[in-house]
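Here is the structure we will look at, set down as structure tokens.
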Amino acid sequence: MSLVLSPHPLLKEHTTLRLGGPALALAVVRDAAGLDQLAAELPKLGGAPFALGFGSNLLAGDGAHALVLVRAGNTAPPEFSATPGGKTLVRVGAGFGLPRLLGLCQRLGFTGLEGLTGVPGRMGGSLAMNAGSYGVEIGSLLRRVRLWTPEGGLIWRDAADCTLGYRHFDAGLHASFQLIWEVELELSVGAPAAIRAQMEAIYAKKKATQPVTAKSAGCVFKNPAGLSAGKLLDEAGLRGKRLGGMAFSEMHANFLVNVNHGTAAQALELMDFGRDAVRSRNGVDLQTEVVVL
């Protein structure tokens, strides 16, 4: 089916933090025909549309949400093509998993994404947050992005027409709702063995310093300019700090983890406590990186 609608999905079943109450509906769009159907269905469903990927950077409240969750379900294998300058373009659907893309690029010998090893999520969400790790931001590799709006349908935007920053992406469409549908990245050619070795080294370092297997949404606060949010929280005594079923990780103080059936209320209170502690100790106001619904 081009469009699959499910009523009253629980956000805690669609986020890596395992938090969140029910939304109005979940709409999974599998192809362009499904987008046309979605445009007709959204006014009937009520509520505001909200683009949802893997939910790996999302903290949803415990109550009901007047939202229609929209997921790009285009997961066909990526398409690769060579450029005259010796680069390689990869065109990939927003619903394709970022870790899967990294594995495929490694096997084929395409380099540039290795720093994102261990970062969860799908391609659409990765670009929407301009995911970054170990000196690599996905936006720095962007060539074009294809987006959908209910009013204008599908449109390609060059990277030069978009605004990209630290955990920020703006296609400049000024639409009431937009869904990233496809992403085109520019990669270089490399040796599969060397790419694999780099990915393994990065993952080993992350596994030793971050709770990569925990119920988490990654870093909860953005790094202030020239500073580390994790270090600031650690110095303020937040490492391992727990409230109910939520805690700042013992491994990395900037990772909020759901350790035992935590609630969003507990998570938000713990975040406020951490923010206040850092402000009191260092005079620094931490800005939230995780998306809060």
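Chain identifiers are assigned as A, B, and so on, following the order in which chains appear in the structure tokens; residues are numbered from 1 within each chain, and ligands are numbered from 1 in order of appearance.
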
Would you list the contacts of segment 246-254 of chain A as a PyMOL selection string, taking every protein, DNA or RNA residue within 8 Å and counting only C-alpha atoms, but skipping same-chain residues closer than 6 positions in sequence?
chain A and resi 209-211+218-221+229-231+233-234+238-240+260-263+266-267+270

With a distance cut-off of 9 Å and only C-alpha atoms, select the neighbouring residues of segment 18-23 of chain A, excluding the residue or stretch itself and same-chain residues fewer than 4 positions from it, and output the selection as a list in words.
Pro7, His8, Pro9, Leu10, Leu11, Lys12, Glu13, His14, Leu58, Leu59, Ala60, Gly61, Asp62, Gly63, Ala64, His65, Ala66, Leu67, Val68, Leu69, Lys215, Ser216, Asn258, His261, Gly262, Thr263, Ala264 and Leu293 of chain A

Go through A:Pro77, A:Gly118, A:Gly244, A:Gly274 one by one, measure the shortest atom-to-atom distance of each to Val90 of chain A using only C-alpha atoms, and give the residue with the smallest value.
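For Val90 of chain A, the nearest of the given residues is A:Pro77.
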
From the options A:Thr75, A:Asn57, A:Asn223, A:Thr213, which residue's atoms come nearest to Val292 of chain A, counting only C-alpha atoms?
A:Asn57

Neighbour list for Arg91 of chain A as a PyMOL selection string, cut-off 8 Å, only C-alpha atoms, skip fewer than 3 positions in-chain:
chain A and resi 78-80+182-185

Let me see the file: selected residues, N, CA, C and O atoms, as a short mmCIF file (atom, residue, chain, number, x, y, z; two decimals), in the first residue's frame.
```
data_model
loop_
_atom_site.label_atom_id
_atom_site.label_comp_id
_atom_site.auth_asym_id
_atom_site.auth_seq_id
_atom_site.Cartn_x
_atom_site.Cartn_y
_atom_site.Cartn_z
N PRO A 78 19.93 2.40 -1.97
CA PRO A 78 20.47 3.65 -2.52
C PRO A 78 20.98 3.47 -3.95
O PRO A 78 21.38 2.37 -4.36
N GLU A 79 20.98 4.56 -4.70
CA GLU A 79 21.52 4.58 -6.06
C GLU A 79 22.83 5.36 -6.06
O GLU A 79 22.91 6.45 -5.50
N PHE A 80 23.86 4.79 -6.68
CA PHE A 80 25.18 5.42 -6.74
C PHE A 80 25.50 5.82 -8.17
O PHE A 80 25.20 5.08 -9.11
N GLU A 182 13.98 12.45 -0.06
CA GLU A 182 15.20 11.84 -0.57
C GLU A 182 16.38 12.76 -0.28
O GLU A 182 16.22 13.97 -0.19
N VAL A 183 17.54 12.15 -0.16
CA VAL A 183 18.77 12.88 0.13
C VAL A 183 19.84 12.44 -0.87
O VAL A 183 19.96 11.26 -1.18
N GLU A 184 20.59 13.40 -1.37
CA GLU A 184 21.70 13.08 -2.27
C GLU A 184 22.99 13.61 -1.65
O GLU A 184 23.13 14.81 -1.39
N LEU A 185 23.91 12.69 -1.40
CA LEU A 185 25.18 13.03 -0.77
C LEU A 185 26.33 12.84 -1.75
O LEU A 185 26.26 12.00 -2.65
#
```

Point-to-point distance from atom CA of Ala171 of chain A to atom CA of Leu147 of chain A, Å rounded to tenths
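These two atoms are separated by 8.5 Å.
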
State, in Å with one decimal place, the distance from atom CA of Gly135 of chain A to atom CA of Gly53 of chain A.
23.4 Å

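You will find atom CA of Gly55 of chain A at 11.6 Å from atom CA of Met129 of chain A.
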
What parts of segment 166-277 of chain A does DSSP call alpha helix (DSSP H)? I'd like the answer as a ChimeraX atom specification.
/A:192-209,229-235,264-277

Using DSSP on the backbone, list every residue of segment 40-165 of chain A that comes out as strand (DSSP E or B), and give them as a ChimeraX atom specification.
/A:48-51,58-59,67-72,79-82,88-93,97,110-111,122,132-133,136-137,142-149,153-158,163-165

Who sits within 12 Å of Cys162 of chain A, only C-alpha atoms, same chain under 3 positions skipped, as a PyMOL selection string
chain A and resi 127-128+130+139-140+142-147+156-159+165+168-174

Mind dumping the selected residues with C-alpha atoms as a PDB file, in the first residue's frame?
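Final output, out.pdb:
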```pdb
ATOM      1  CA  LEU A 127      19.549  15.491   7.811  1.00  0.00           C
ATOM      2  CA  ALA A 128      16.732  17.264   9.672  1.00  0.00           C
ATOM      3  CA  ASN A 130      22.216  17.716  10.667  1.00  0.00           C
ATOM      4  CA  GLY A 139      25.021  18.431   5.938  1.00  0.00           C
ATOM      5  CA  SER A 140      28.637  18.919   4.864  1.00  0.00           C
ATOM      6  CA  LEU A 142      24.773  17.202   1.089  1.00  0.00           C
ATOM      7  CA  ARG A 143      24.412  17.819  -2.649  1.00  0.00           C
ATOM      8  CA  ARG A 144      20.608  18.005  -2.916  1.00  0.00           C
ATOM      9  CA  VAL A 145      17.530  17.173  -0.888  1.00  0.00           C
ATOM     10  CA  ARG A 146      14.041  16.358  -2.110  1.00  0.00           C
ATOM     11  CA  LEU A 147      11.222  17.555   0.117  1.00  0.00           C
ATOM     12  CA  TRP A 156      14.484  19.331  -5.124  1.00  0.00           C
ATOM     13  CA  ARG A 157      16.603  21.871  -3.253  1.00  0.00           C
ATOM     14  CA  ASP A 158      20.346  22.276  -3.765  1.00  0.00           C
ATOM     15  CA  ALA A 159      22.524  22.350  -0.672  1.00  0.00           C
ATOM     16  CA  GLY A 165      24.398  24.611  11.100  1.00  0.00           C
ATOM     17  CA  HIS A 168      20.183  22.632  12.294  1.00  0.00           C
ATOM     18  CA  PHE A 169      18.719  22.267   8.791  1.00  0.00           C
ATOM     19  CA  ASP A 170      16.415  24.665   6.970  1.00  0.00           C
ATOM     20  CA  ALA A 171      15.435  24.138   3.338  1.00  0.00           C
ATOM     21  CA  GLY A 172      14.051  27.664   3.114  1.00  0.00           C
ATOM     22  CA  LEU A 173      10.611  26.598   1.914  1.00  0.00           C
ATOM     23  CA  HIS A 174       8.612  28.404   4.623  1.00  0.00           C
TER      24      HIS A 174
END
```

Contacts of Val119 of chain A within 8 Å, only C-alpha atoms, excl. fewer than 6 positions in-chain, as a list in words
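The residues that qualify are Leu98, Pro99 and Ser133 of chain A.
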
Keeping only all heavy atoms, take the residues you just selected and write them out as a PDB file, in the first residue's frame.
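As written to disk, result-v3.pdb reads:
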```pdb
ATOM      1  N   LEU A  98      20.496   5.131   8.504  1.00  0.00           N
ATOM      2  CA  LEU A  98      21.861   5.647   8.397  1.00  0.00           C
ATOM      3  C   LEU A  98      22.905   4.562   8.644  1.00  0.00           C
ATOM      4  O   LEU A  98      23.867   4.458   7.878  1.00  0.00           O
ATOM      5  CB  LEU A  98      22.039   6.815   9.373  1.00  0.00           C
ATOM      6  CG  LEU A  98      23.442   7.429   9.449  1.00  0.00           C
ATOM      7  CD1 LEU A  98      23.859   8.001   8.105  1.00  0.00           C
ATOM      8  CD2 LEU A  98      23.494   8.525  10.528  1.00  0.00           C
ATOM      9  N   PRO A  99      22.772   3.713   9.674  1.00  0.00           N
ATOM     10  CA  PRO A  99      23.765   2.652   9.854  1.00  0.00           C
ATOM     11  C   PRO A  99      23.838   1.702   8.652  1.00  0.00           C
ATOM     12  O   PRO A  99      24.933   1.247   8.285  1.00  0.00           O
ATOM     13  CB  PRO A  99      23.272   1.914  11.109  1.00  0.00           C
ATOM     14  CG  PRO A  99      22.478   2.930  11.858  1.00  0.00           C
ATOM     15  CD  PRO A  99      21.797   3.740  10.791  1.00  0.00           C
ATOM     16  N   SER A 133      29.181  13.781  14.167  1.00  0.00           N
ATOM     17  CA  SER A 133      29.983  12.985  15.099  1.00  0.00           C
ATOM     18  C   SER A 133      31.400  12.892  14.556  1.00  0.00           C
ATOM     19  O   SER A 133      31.598  12.735  13.345  1.00  0.00           O
ATOM     20  CB  SER A 133      29.382  11.585  15.258  1.00  0.00           C
ATOM     21  OG  SER A 133      30.160  10.772  16.104  1.00  0.00           O
TER      22      SER A 133
END
```

Shortest interatomic distance to Pro150 of chain A - which of A:Gly132, A:Leu179, A:Ile202, A:Leu116, counting only C-alpha atoms:
A:Leu179
